[in-house]
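The data block below is start_17.csv; it holds CSV, C-alpha atoms.
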chain,number,residue,atom,x,y,z
A,1,MET,CA,0.0,0.0,0.0
A,2,THR,CA,1.3,3.4,-1.0
A,3,THR,CA,0.5,6.6,0.9
A,4,THR,CA,0.3,9.9,-0.9
A,5,LEU,CA,2.6,12.5,0.6
A,6,GLY,CA,0.7,14.8,2.9
A,7,PHE,CA,-2.5,12.6,2.8
A,8,ASN,CA,-4.7,13.3,5.8
A,9,PRO,CA,-7.2,10.5,6.4
A,10,LYS,CA,-9.1,12.3,9.1
A,11,ALA,CA,-9.6,15.3,6.8
A,12,ALA,CA,-10.8,12.9,4.1
A,13,ARG,CA,-13.3,11.3,6.4
A,14,VAL,CA,-14.7,14.7,7.6
A,15,LEU,CA,-15.1,15.9,4.0
A,16,ASP,CA,-16.8,12.7,3.0
A,17,ALA,CA,-19.1,13.0,6.0
A,18,ALA,CA,-20.0,16.6,5.0
A,19,PHE,CA,-20.7,15.5,1.4
A,20,ASP,CA,-22.9,12.6,2.7
A,21,GLU,CA,-25.0,15.3,4.5
A,22,GLU,CA,-25.1,17.3,1.3
A,23,VAL,CA,-26.6,14.3,-0.5
A,24,SER,CA,-29.2,13.9,2.3
A,25,LEU,CA,-30.1,17.6,2.0
A,26,ARG,CA,-30.5,17.3,-1.8
A,27,ARG,CA,-32.8,14.3,-1.4
A,28,ALA,CA,-34.8,16.2,1.2
A,29,GLN,CA,-35.2,19.0,-1.3
A,30,GLY,CA,-36.6,16.5,-3.8
A,31,ARG,CA,-39.3,15.6,-1.3
A,32,GLN,CA,-40.0,19.2,-0.5
A,33,VAL,CA,-40.4,19.9,-4.3
A,34,ARG,CA,-43.1,17.3,-4.6
A,35,ALA,CA,-44.9,18.6,-1.5
A,36,LEU,CA,-44.9,22.2,-2.8
A,37,ALA,CA,-46.1,21.1,-6.2
A,38,GLU,CA,-49.0,19.3,-4.6
A,39,PHE,CA,-49.8,22.3,-2.4
A,40,ALA,CA,-49.8,24.5,-5.5
A,41,ALA,CA,-52.3,22.2,-7.1
A,42,ILE,CA,-54.8,22.3,-4.2
A,43,GLY,CA,-54.1,25.5,-2.3
A,44,GLY,CA,-56.1,28.0,-4.3
A,45,SER,CA,-55.1,30.7,-6.8
A,46,ARG,CA,-51.4,31.3,-7.7
A,47,ARG,CA,-51.4,34.6,-5.8
A,48,SER,CA,-52.9,33.0,-2.7
A,49,VAL,CA,-50.6,30.0,-2.8
A,50,THR,CA,-47.5,32.2,-3.3
A,51,GLU,CA,-48.4,34.5,-0.4
A,52,GLU,CA,-49.1,31.6,1.9
A,53,VAL,CA,-45.8,29.9,1.2
A,54,ALA,CA,-44.0,33.2,1.7
A,55,LEU,CA,-45.6,33.6,5.1
A,56,CYS,CA,-45.0,30.0,6.2
A,57,PHE,CA,-41.4,29.9,5.0
A,58,SER,CA,-40.7,33.5,6.2
A,59,VAL,CA,-39.3,34.5,2.7
A,60,SER,CA,-40.2,37.2,0.3
A,61,ARG,CA,-43.0,36.9,-2.2
A,62,ASN,CA,-40.5,36.7,-5.1
A,63,GLN,CA,-38.6,33.9,-3.3
A,64,ALA,CA,-41.8,32.0,-2.7
A,65,ALA,CA,-42.9,32.4,-6.3
A,66,LEU,CA,-39.5,31.1,-7.6
A,67,LEU,CA,-39.6,28.1,-5.2
A,68,LEU,CA,-43.1,27.2,-6.4
A,69,GLU,CA,-42.3,27.7,-10.0
A,70,THR,CA,-39.2,25.5,-9.8
A,71,SER,CA,-41.1,22.8,-7.9
A,72,CYS,CA,-44.0,22.7,-10.3
A,73,ALA,CA,-41.8,22.7,-13.4
A,74,LEU,CA,-39.6,19.8,-12.0
A,75,VAL,CA,-42.7,17.7,-11.2
A,76,ALA,CA,-44.7,18.4,-14.3
A,77,ARG,CA,-42.1,18.8,-17.1
A,78,LEU,CA,-38.6,17.8,-16.1
A,79,PRO,CA,-38.6,14.2,-14.7
A,80,ASN,CA,-34.9,13.5,-15.4
A,81,THR,CA,-33.8,16.7,-13.6
A,82,LEU,CA,-36.1,15.9,-10.7
A,83,ALA,CA,-34.7,12.3,-10.6
A,84,ALA,CA,-31.2,13.7,-10.3
A,85,LEU,CA,-32.3,15.9,-7.4
A,86,GLU,CA,-34.0,13.0,-5.6
A,87,LYS,CA,-30.9,10.8,-6.2
A,88,GLY,CA,-28.7,13.5,-4.7
A,89,ASP,CA,-26.7,14.2,-7.9
A,90,ILE,CA,-27.6,17.9,-7.9
A,91,ASP,CA,-29.2,20.4,-5.4
A,92,LEU,CA,-32.2,22.6,-5.9
A,93,TYR,CA,-30.1,25.6,-7.0
A,94,LYS,CA,-28.6,23.6,-9.8
A,95,ALA,CA,-32.0,22.2,-10.7
A,96,SER,CA,-33.3,25.7,-10.9
A,97,LYS,CA,-30.8,26.4,-13.7
A,98,VAL,CA,-32.8,23.9,-15.8
A,99,THR,CA,-36.2,25.2,-14.9
A,100,GLN,CA,-35.3,28.9,-15.4
A,101,LEU,CA,-34.1,28.4,-19.0
A,102,THR,CA,-37.0,26.2,-19.9
A,103,ARG,CA,-39.8,28.1,-18.3
A,104,GLU,CA,-40.9,29.7,-21.6
A,105,VAL,CA,-40.4,26.8,-24.0
A,106,SER,CA,-43.2,24.3,-24.9
A,107,ASP,CA,-43.6,21.1,-23.1
A,108,GLU,CA,-42.2,19.2,-26.1
A,109,VAL,CA,-39.0,21.3,-26.1
A,110,ALA,CA,-38.7,21.1,-22.3
A,111,ALA,CA,-38.9,17.3,-22.6
A,112,LEU,CA,-36.1,17.2,-25.2
A,113,VAL,CA,-33.9,19.5,-23.1
A,114,ASP,CA,-34.6,17.4,-20.0
A,115,ALA,CA,-33.6,14.2,-21.7
A,116,TRP,CA,-30.5,15.7,-23.3
A,117,MET,CA,-29.4,17.0,-19.8
A,118,ALA,CA,-30.0,13.7,-18.1
A,119,GLY,CA,-26.3,12.7,-18.3
A,120,ARG,CA,-24.9,16.2,-18.0
A,121,LEU,CA,-26.0,17.1,-14.5
A,122,ALA,CA,-24.0,15.1,-11.9
A,123,GLY,CA,-20.7,16.5,-10.8
A,124,ARG,CA,-21.0,19.9,-12.6
A,125,ASP,CA,-21.2,23.4,-11.2
A,126,PRO,CA,-24.2,25.7,-11.7
A,127,SER,CA,-22.6,27.8,-14.4
A,128,ALA,CA,-21.6,24.7,-16.4
A,129,ILE,CA,-25.2,23.3,-16.1
A,130,ARG,CA,-26.7,26.7,-17.2
A,131,GLY,CA,-24.4,26.8,-20.2
A,132,SER,CA,-25.4,23.3,-21.3
A,133,VAL,CA,-29.1,24.1,-20.9
A,134,ASP,CA,-28.8,27.3,-22.8
A,135,TYR,CA,-27.1,25.3,-25.6
A,136,ALA,CA,-29.8,22.7,-25.6
A,137,VAL,CA,-32.6,25.3,-25.7
A,138,GLN,CA,-31.0,26.9,-28.7
A,139,LYS,CA,-30.4,23.5,-30.3
A,140,PHE,CA,-34.0,22.3,-30.0
A,141,ASP,CA,-35.9,25.6,-30.4
A,142,PRO,CA,-33.8,28.1,-32.5
A,143,ASP,CA,-36.8,30.1,-33.7
A,144,GLY,CA,-38.4,30.3,-30.3
A,145,TYR,CA,-35.1,31.3,-28.8
A,146,ARG,CA,-34.8,34.2,-31.2
A,147,ASP,CA,-38.4,35.4,-30.5
A,148,ARG,CA,-37.9,35.2,-26.7
A,149,ALA,CA,-34.6,37.2,-27.1
A,150,GLU,CA,-36.5,40.0,-28.8
A,151,THR,CA,-39.1,40.0,-26.1
A,152,LYS,CA,-36.6,40.0,-23.3
A,153,ARG,CA,-34.7,42.9,-24.9
A,154,ALA,CA,-38.0,44.9,-24.5
A,155,LEU,CA,-38.0,44.1,-20.8
A,156,ARG,CA,-34.8,45.9,-20.0
A,157,HIS,CA,-34.9,47.6,-16.5
A,158,ILE,CA,-32.8,48.5,-13.5
A,159,ALA,CA,-33.1,47.0,-10.0
A,160,LEU,CA,-32.1,48.0,-6.5
A,161,LYS,CA,-31.1,45.5,-3.9
A,162,HIS,CA,-30.0,46.7,-0.4
A,163,GLU,CA,-27.0,45.1,1.2
A,164,ASP,CA,-25.3,45.3,4.6
A,165,GLU,CA,-23.4,48.2,6.3
A,166,THR,CA,-24.8,51.1,4.3
A,167,MET,CA,-24.3,49.6,0.8
A,168,SER,CA,-26.6,48.6,-2.0
A,169,THR,CA,-26.4,47.0,-5.4
A,170,LEU,CA,-27.9,48.8,-8.4
A,171,SER,CA,-28.1,46.5,-11.5
A,172,GLY,CA,-29.3,46.8,-15.0
A,173,PHE,CA,-31.1,44.2,-17.1
A,174,LEU,CA,-29.8,45.2,-20.5
A,175,PRO,CA,-29.0,43.7,-23.9
A,176,SER,CA,-25.6,42.1,-23.7
A,177,GLU,CA,-23.9,44.4,-26.2
A,178,VAL,CA,-25.2,47.5,-24.4
A,179,ALA,CA,-24.2,46.3,-21.0
A,180,SER,CA,-20.7,45.3,-22.3
A,181,SER,CA,-20.3,48.7,-24.0
A,182,ILE,CA,-21.2,50.5,-20.8
A,183,TYR,CA,-18.8,48.5,-18.7
A,184,ALA,CA,-16.0,49.0,-21.3
A,185,SER,CA,-16.6,52.8,-21.4
A,186,ILE,CA,-16.6,53.1,-17.6
A,187,SER,CA,-13.5,50.9,-17.4
A,188,ARG,CA,-11.6,53.1,-19.9
A,189,ALA,CA,-12.5,56.3,-18.0
A,190,ALA,CA,-11.6,54.6,-14.7
A,191,GLN,CA,-8.2,53.5,-16.0
A,192,ALA,CA,-7.5,57.1,-17.1
A,193,ARG,CA,-8.4,58.4,-13.7
A,194,ARG,CA,-6.4,55.7,-12.0
A,195,ALA,CA,-3.3,56.9,-13.8
A,196,GLN,CA,-3.8,60.3,-12.2
A,197,ASP,CA,-5.2,59.3,-8.8
A,198,THR,CA,-3.8,56.2,-7.2
A,199,SER,CA,-5.6,56.9,-3.8
A,200,ARG,CA,-8.6,54.9,-5.1
A,201,THR,CA,-8.6,51.4,-6.6
A,202,LEU,CA,-9.7,50.8,-10.2
A,203,ASP,CA,-13.0,49.3,-8.9
A,204,GLN,CA,-13.6,52.4,-6.8
A,205,HIS,CA,-13.0,54.7,-9.8
A,206,ARG,CA,-15.5,52.5,-11.8
A,207,ALA,CA,-18.1,52.8,-9.1
A,208,ASP,CA,-17.6,56.6,-8.7
A,209,ILE,CA,-17.8,57.2,-12.5
A,210,PHE,CA,-20.9,55.0,-12.7
A,211,ALA,CA,-22.7,57.0,-9.9
A,212,GLU,CA,-21.6,60.4,-11.4
A,213,ARG,CA,-22.9,59.6,-14.8
A,214,LEU,CA,-26.2,58.4,-13.6
A,215,LEU,CA,-26.9,61.1,-11.0
A,216,ALA,CA,-25.6,64.3,-12.7
A,217,GLU,CA,-28.6,64.8,-15.0
A,218,ASP,CA,-27.3,68.0,-16.5
A,219,GLY,CA,-23.7,66.7,-16.6
A,220,ARG,CA,-22.6,69.3,-14.0
A,221,GLY,CA,-22.8,69.8,-10.3
A,222,LYS,CA,-23.6,67.5,-7.4
A,223,PRO,CA,-26.8,65.4,-7.9
A,224,ARG,CA,-29.5,65.4,-5.2
A,225,ALA,CA,-32.3,62.9,-4.6
A,226,HIS,CA,-35.3,62.8,-2.2
A,227,ILE,CA,-35.1,60.0,0.4
A,228,HIS,CA,-36.9,59.4,3.7
A,229,VAL,CA,-34.7,59.1,6.8
A,230,TYR,CA,-36.2,58.5,10.3
A,231,VAL,CA,-34.0,59.8,13.1
A,232,ASP,CA,-34.6,61.0,16.7
A,233,PHE,CA,-33.6,64.5,17.6
A,234,LEU,CA,-30.9,63.6,20.1
A,235,THR,CA,-29.1,61.4,17.5
A,236,LEU,CA,-29.4,64.1,14.9
A,237,ALA,CA,-27.9,66.6,17.3
A,238,GLY,CA,-25.0,64.3,18.1
A,239,VAL,CA,-25.9,63.6,21.7
A,240,ARG,CA,-26.8,60.0,21.0
A,241,GLU,CA,-25.2,57.5,18.6
A,242,ASP,CA,-28.4,55.4,17.9
A,243,PRO,CA,-29.0,54.2,14.4
A,244,ALA,CA,-31.5,55.9,12.2
A,245,VAL,CA,-33.6,54.2,9.5
A,246,LEU,CA,-33.4,54.8,5.8
A,247,ALA,CA,-36.8,54.0,4.2
A,248,GLY,CA,-36.6,50.8,2.1
A,249,TYR,CA,-33.1,49.9,3.4
A,250,GLY,CA,-33.2,49.7,7.2
A,251,PRO,CA,-30.8,50.9,10.0
A,252,ILE,CA,-28.0,53.3,9.1
A,253,PRO,CA,-25.3,54.6,11.5
A,254,ASP,CA,-25.7,58.0,13.2
A,255,TRP,CA,-22.7,59.5,11.4
A,256,LEU,CA,-24.2,58.8,8.0
A,257,VAL,CA,-27.6,60.3,8.9
A,258,ARG,CA,-25.8,63.5,10.1
A,259,GLU,CA,-23.9,63.6,6.9
A,260,ILE,CA,-27.1,63.3,4.9
A,261,ALA,CA,-28.8,66.0,7.1
A,262,SER,CA,-25.9,68.4,6.7
A,263,ASP,CA,-26.3,68.4,2.9
A,264,PRO,CA,-27.6,71.9,1.8
A,265,GLY,CA,-30.2,70.2,-0.4
A,266,SER,CA,-31.8,68.2,2.4
A,267,THR,CA,-35.5,68.9,3.3
A,268,TRP,CA,-37.3,68.3,6.6
A,269,SER,CA,-40.7,67.2,7.8
A,270,ARG,CA,-42.0,67.6,11.4
A,271,LEU,CA,-42.9,64.3,13.1
A,272,ILE,CA,-44.4,64.4,16.6
A,273,THR,CA,-44.3,61.2,18.7
A,274,ASP,CA,-45.8,60.0,21.9
A,275,PRO,CA,-43.0,60.3,24.5
A,276,ALA,CA,-44.2,57.2,26.3
A,277,THR,CA,-44.6,54.8,23.4
A,278,GLY,CA,-42.6,56.4,20.6
A,279,GLN,CA,-45.6,56.1,18.2
A,280,ILE,CA,-46.0,58.9,15.7
A,281,LEU,CA,-48.9,61.2,16.4
A,282,GLU,CA,-48.5,63.8,13.8
A,283,ALA,CA,-46.7,64.1,10.5
A,284,SER,CA,-45.8,67.5,9.0
A,285,ALA,CA,-48.3,70.3,8.8
A,286,GLY,CA,-52.1,70.1,8.9
A,287,THR,CA,-54.6,68.7,11.3
A,288,TYR,CA,-54.6,65.0,12.2
A,289,ARG,CA,-58.1,64.3,11.1
A,290,SER,CA,-57.8,65.4,7.5
A,291,PRO,CA,-57.2,62.5,5.0
A,292,ALA,CA,-54.0,64.0,3.7
A,293,SER,CA,-52.6,64.4,7.2
A,294,LEU,CA,-53.7,60.9,8.2
A,295,ALA,CA,-51.9,59.5,5.1
A,296,ARG,CA,-48.8,61.3,6.1
A,297,LEU,CA,-49.0,60.0,9.6
A,298,ILE,CA,-49.5,56.4,8.5
A,299,ARG,CA,-46.7,56.4,5.9
A,300,ALA,CA,-44.4,57.9,8.6
A,301,ARG,CA,-45.5,55.4,11.2
A,302,ASP,CA,-45.5,52.2,9.1
A,303,ARG,CA,-42.3,53.0,7.1
A,304,GLU,CA,-43.0,50.0,4.8
A,305,CYS,CA,-45.8,47.7,3.6
A,306,THR,CA,-47.2,46.1,6.8
A,307,HIS,CA,-47.6,42.7,5.2
A,308,PRO,CA,-45.1,40.3,6.9
A,309,GLY,CA,-42.0,39.9,4.8
A,310,CYS,CA,-42.7,42.8,2.4
A,311,HIS,CA,-40.3,45.8,2.7
A,312,ARG,CA,-41.6,48.1,0.0
A,313,PRO,CA,-41.3,51.6,1.4
A,314,ALA,CA,-44.6,53.1,2.7
A,315,GLU,CA,-44.0,56.2,0.6
A,316,PHE,CA,-44.6,54.0,-2.5
A,317,SER,CA,-47.5,52.0,-0.9
A,318,GLU,CA,-51.2,52.6,-0.7
A,319,ILE,CA,-53.1,53.7,2.4
A,320,ASP,CA,-56.1,51.4,2.9
A,321,HIS,CA,-58.4,50.0,5.6
A,322,ILE,CA,-57.6,46.7,7.4
A,323,THR,CA,-61.3,46.1,8.1
A,324,GLY,CA,-63.0,47.4,4.9
A,325,TRP,CA,-65.9,49.8,4.5
A,326,ALA,CA,-68.2,46.9,3.7
A,327,ARG,CA,-67.6,45.6,7.2
A,328,ASN,CA,-68.0,49.0,8.9
A,329,GLY,CA,-64.2,49.7,9.0
A,330,THR,CA,-63.3,53.1,10.4
A,331,THR,CA,-61.0,55.6,8.8
A,332,ASP,CA,-58.4,56.2,11.5
A,333,HIS,CA,-54.9,55.3,12.4
A,334,HIS,CA,-56.0,52.1,14.2
A,335,ASN,CA,-57.7,50.6,11.1
A,336,CYS,CA,-55.6,52.2,8.3
A,337,HIS,CA,-52.2,51.0,7.2
A,338,GLY,CA,-49.7,51.2,4.4
A,339,SER,CA,-49.8,48.3,2.0
A,340,CYS,CA,-48.3,47.7,-1.4
A,341,LYS,CA,-50.7,47.2,-4.3
A,342,THR,CA,-50.0,43.4,-4.4
A,343,HIS,CA,-50.8,42.9,-0.8
A,344,ASN,CA,-53.7,45.3,-0.8
A,345,LEU,CA,-55.3,43.1,-3.5
A,346,LEU,CA,-54.5,39.9,-1.5
A,347,LYS,CA,-57.4,40.5,0.9
A,348,GLU,CA,-59.8,39.9,-2.1
A,349,GLU,CA,-58.6,36.4,-2.5
A,350,PRO,CA,-60.9,33.7,-1.0
A,351,GLY,CA,-60.0,32.6,2.5
A,352,TRP,CA,-57.8,35.6,3.3
A,353,SER,CA,-58.7,37.9,6.2
A,354,ALA,CA,-57.2,40.5,8.4
A,355,GLU,CA,-58.3,41.9,11.8
A,356,PRO,CA,-56.9,45.2,13.2
A,357,THR,CA,-55.0,45.0,16.5
A,358,GLY,CA,-54.6,48.8,17.0
A,359,ASN,CA,-52.3,51.5,15.6
A,360,GLY,CA,-52.0,49.9,12.2
A,361,GLY,CA,-51.2,46.4,13.5
A,362,MET,CA,-53.2,43.4,12.3
A,363,THR,CA,-53.6,39.6,12.5
A,364,ILE,CA,-53.7,37.9,9.1
A,365,THR,CA,-55.4,34.6,8.6
A,366,THR,CA,-54.6,32.5,5.5
A,367,PRO,CA,-56.8,30.0,3.6
A,368,SER,CA,-55.1,27.1,5.3
A,369,GLY,CA,-56.0,28.6,8.7
A,370,HIS,CA,-52.5,29.8,9.7
A,371,THR,CA,-52.3,33.2,11.4
A,372,TYR,CA,-49.5,35.8,11.3
Take the structure from the file and write it as structure tokens.
Amino acid sequence: MTTTLGFNPKAARVLDAAFDEEVSLRRAQGRQVRALAEFAAIGGSRRSVTEEVALCFSVSRNQAALLLETSCALVARLPNTLAALEKGDIDLYKASKVTQLTREVSDEVAALVDAWMAGRLAGRDPSAIRGSVDYAVQKFDPDGYRDRAETKRALRHIALKHEDETMSTLSGFLPSEVASSIYASISRAAQARRAQDTSRTLDQHRADIFAERLLAEDGRGKPRAHIHVYVDFLTLAGVREDPAVLAGYGPIPDWLVREIASDPGSTWSRLITDPATGQILEASAGTYRSPASLARLIRARDRECTHPGCHRPAEFSEIDHITGWARNGTTDHHNCHGSCKTHNLLKEEPGWSAEPTGNGGMTITTPSGHTY
């Protein structure tokens, strides 16, 4: 028997044990996929099913929708990919690479792709799987691929995702040649700046040029934008160091909110709170009982959509009743709340109900009888 130089048998056993657990997790995901697909079939409308899974799993509506979509596609259209998941050859994330790229093809094309991928899944990383699926879709459906490409190019958009420690990711869904040209142009400008200013990295120069080009609408001067920041007076004055809240993002440090507040372009709104509870009693000018003032109060109080797991800022949400007019709901701060359009419409779905608990709070009951 020969021993490889540096071989560590204990490390090998530990790694093998970790991979055995990985295989167990993959097989469990296969069982979960079948359960979710069955729930989707019997749980009601797509909207209702999605929202109920989001609440039960404590994930966003988009995450729940993706999980349900992946589960239903695997069970209904991709038996070979599902078999690989249940065997433990791939995990759900890798399986989703197959479902995502076949979501818009016909059942016949999906079956061809699924069969072609059957021997091309095990032992491969997600990017390699995605590349193979993309190749197969183009191979089996060239005309459909071209049509879908034209449609997708019309869906170009930008997206904002908030990250940790005062940072966010701004991304653009653009035609590949446009995105590549933008990146190349920014990179050239960043390299030129880097030659003159080595105090910042090339990535920092790229990011700064990206921000400058987007925000300076007239090409000159410092750009300004309107945002909502919630901060107590003592922190604003520098006496405390408590975090403030940036609407749609979450807590930000005291030094950053004072930096924002000191900008000459900042504007202010007066918010009066109950000293005992901290609840907002009045927002800006006007009397409390007028609808406009009530809306200001509710948006300032709720900060974001009140549906669990939804973080759309209240300034972009609708103000509506928890108990509706048809059920003698009152128009006051106890029975009114901020809700995004999607979750405002959810109460119209069969089996969904909400009861106010005071000051904009509520208890939600889902069609399956769960409460949140």
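The two atoms in question, CA of Ala35 (chain A) and CA of Glu355 (chain A), are spaced 30.0 Å apart.
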Exercise: region 181-195 of chain A partners within 10 Å, all atoms listed in the file, chain neighbours under 5 positions left out, as number ranges by chain: A: 176, 200-210, 213
Using only C-alpha atoms, pick whichever of A:Tyr230, A:Tyr93, A:Tyr372, A:Phe140 has the shortest atom-to-atom distance to Ile252 (chain A). A:Tyr230
Check which residues of region 36-104 of chain A sit at most 7 Å from region 5-26 of chain A using all atoms listed in the file, and return one row each with the closest pair of atoms and their distance in Å to one decimal, ordered by chain and rising number, as a tab-separated table.
residue	atom	partner	partner_atom	distance
A:Leu85	CA	A:Arg26	CA	6.0
A:Glu86	CA	A:Arg26	CA	6.7
A:Gly88	CA	A:Val23	CA	4.8
A:Ile90	CA	A:Arg26	CA	6.8
A:Asp91	CA	A:Arg26	CA	4.9
A:Leu92	CA	A:Arg26	CA	6.9
Please list as a PyMOL selection string every residue within 9 Å of region 142-147 of chain A, counting only C-alpha atoms and excluding residues in the same chain fewer than 5 positions away. chain A and resi 105+137+152
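Going from CA of Ala295 (chain A) to CA of Arg312 (chain A) covers 16.2 Å.
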Just the residues within 7 Å of Val245 (chain A), please, counting only C-alpha atoms, with nothing from its chain fewer than 2 positions along; format it as a compact mmCIF listing (two decimals) with C-alpha atoms, in the frame of the given file.
# COMPACT_ATOMS: atom_id res chain seq x y z
CA VAL A 229 -34.70 59.10 6.80
CA TYR A 230 -36.20 58.50 10.30
CA VAL A 231 -34.00 59.80 13.10
CA PRO A 243 -29.00 54.20 14.40
CA ALA A 247 -36.80 54.00 4.20
CA GLY A 250 -33.20 49.70 7.20
CA PRO A 251 -30.80 50.90 10.00
CA ILE A 252 -28.00 53.30 9.10
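In this comparison, which uses only C-alpha atoms, the residue of A:Cys56, A:Arg301, A:Leu294, A:Ala40 approaching Gly369 (chain A) most closely is A:Cys56.
Atom pair CA of Arg27 (chain A) / CA of Ser132 (chain A) has a distance of 23.1 Å (rounded to one decimal).
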Pick from A:Glu51, A:Glu241, A:Asp164, A:Asp197, whichever lies nearest to Leu346 (chain A) using only C-alpha atoms: A:Glu51
Near-region 124-127 of chain A list (8 Å; only C-alpha atoms; drop same-chain fewer than 2 positions) as a VMD selection string: chain A and resid 93 to 94 97 120 to 122 129 to 131
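Proximity to Gln63 (chain A) was assessed for A:Thr366, A:Arg299, A:Gly309, A:Lys139 counting only C-alpha atoms; the smallest distance is recorded for A:Gly309.
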Show me, as a ChimeraX atom specification, the residues that have an atom within 12 Å of Gly360 (chain A) when counting only C-alpha atoms, minus same-chain residues fewer than 5 positions from it. /A:279-280,294-295,297-307,319-323,330-339,354-355
Write to file, as a PDB file, keeping the file's coordinate frame, the residues of the selection just made, with C-alpha atoms.
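Writing the result to result.pdb gives the following:
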ATOM      1  CA  GLN A 279     -45.600  56.100  18.200  1.00  0.00           C
ATOM      2  CA  ILE A 280     -46.000  58.900  15.700  1.00  0.00           C
ATOM      3  CA  LEU A 294     -53.700  60.900   8.200  1.00  0.00           C
ATOM      4  CA  ALA A 295     -51.900  59.500   5.100  1.00  0.00           C
ATOM      5  CA  LEU A 297     -49.000  60.000   9.600  1.00  0.00           C
ATOM      6  CA  ILE A 298     -49.500  56.400   8.500  1.00  0.00           C
ATOM      7  CA  ARG A 299     -46.700  56.400   5.900  1.00  0.00           C
ATOM      8  CA  ALA A 300     -44.400  57.900   8.600  1.00  0.00           C
ATOM      9  CA  ARG A 301     -45.500  55.400  11.200  1.00  0.00           C
ATOM     10  CA  ASP A 302     -45.500  52.200   9.100  1.00  0.00           C
ATOM     11  CA  ARG A 303     -42.300  53.000   7.100  1.00  0.00           C
ATOM     12  CA  GLU A 304     -43.000  50.000   4.800  1.00  0.00           C
ATOM     13  CA  CYS A 305     -45.800  47.700   3.600  1.00  0.00           C
ATOM     14  CA  THR A 306     -47.200  46.100   6.800  1.00  0.00           C
ATOM     15  CA  HIS A 307     -47.600  42.700   5.200  1.00  0.00           C
ATOM     16  CA  ILE A 319     -53.100  53.700   2.400  1.00  0.00           C
ATOM     17  CA  ASP A 320     -56.100  51.400   2.900  1.00  0.00           C
ATOM     18  CA  HIS A 321     -58.400  50.000   5.600  1.00  0.00           C
ATOM     19  CA  ILE A 322     -57.600  46.700   7.400  1.00  0.00           C
ATOM     20  CA  THR A 323     -61.300  46.100   8.100  1.00  0.00           C
ATOM     21  CA  THR A 330     -63.300  53.100  10.400  1.00  0.00           C
ATOM     22  CA  THR A 331     -61.000  55.600   8.800  1.00  0.00           C
ATOM     23  CA  ASP A 332     -58.400  56.200  11.500  1.00  0.00           C
ATOM     24  CA  HIS A 333     -54.900  55.300  12.400  1.00  0.00           C
ATOM     25  CA  HIS A 334     -56.000  52.100  14.200  1.00  0.00           C
ATOM     26  CA  ASN A 335     -57.700  50.600  11.100  1.00  0.00           C
ATOM     27  CA  CYS A 336     -55.600  52.200   8.300  1.00  0.00           C
ATOM     28  CA  HIS A 337     -52.200  51.000   7.200  1.00  0.00           C
ATOM     29  CA  GLY A 338     -49.700  51.200   4.400  1.00  0.00           C
ATOM     30  CA  SER A 339     -49.800  48.300   2.000  1.00  0.00           C
ATOM     31  CA  ALA A 354     -57.200  40.500   8.400  1.00  0.00           C
ATOM     32  CA  GLU A 355     -58.300  41.900  11.800  1.00  0.00           C
TER      33      GLU A 355
END
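Distance check against Asn80 (chain A) using only C-alpha atoms: of A:Val113, A:Asn62, A:His343, A:Asp232, the minimum falls on A:Val113.
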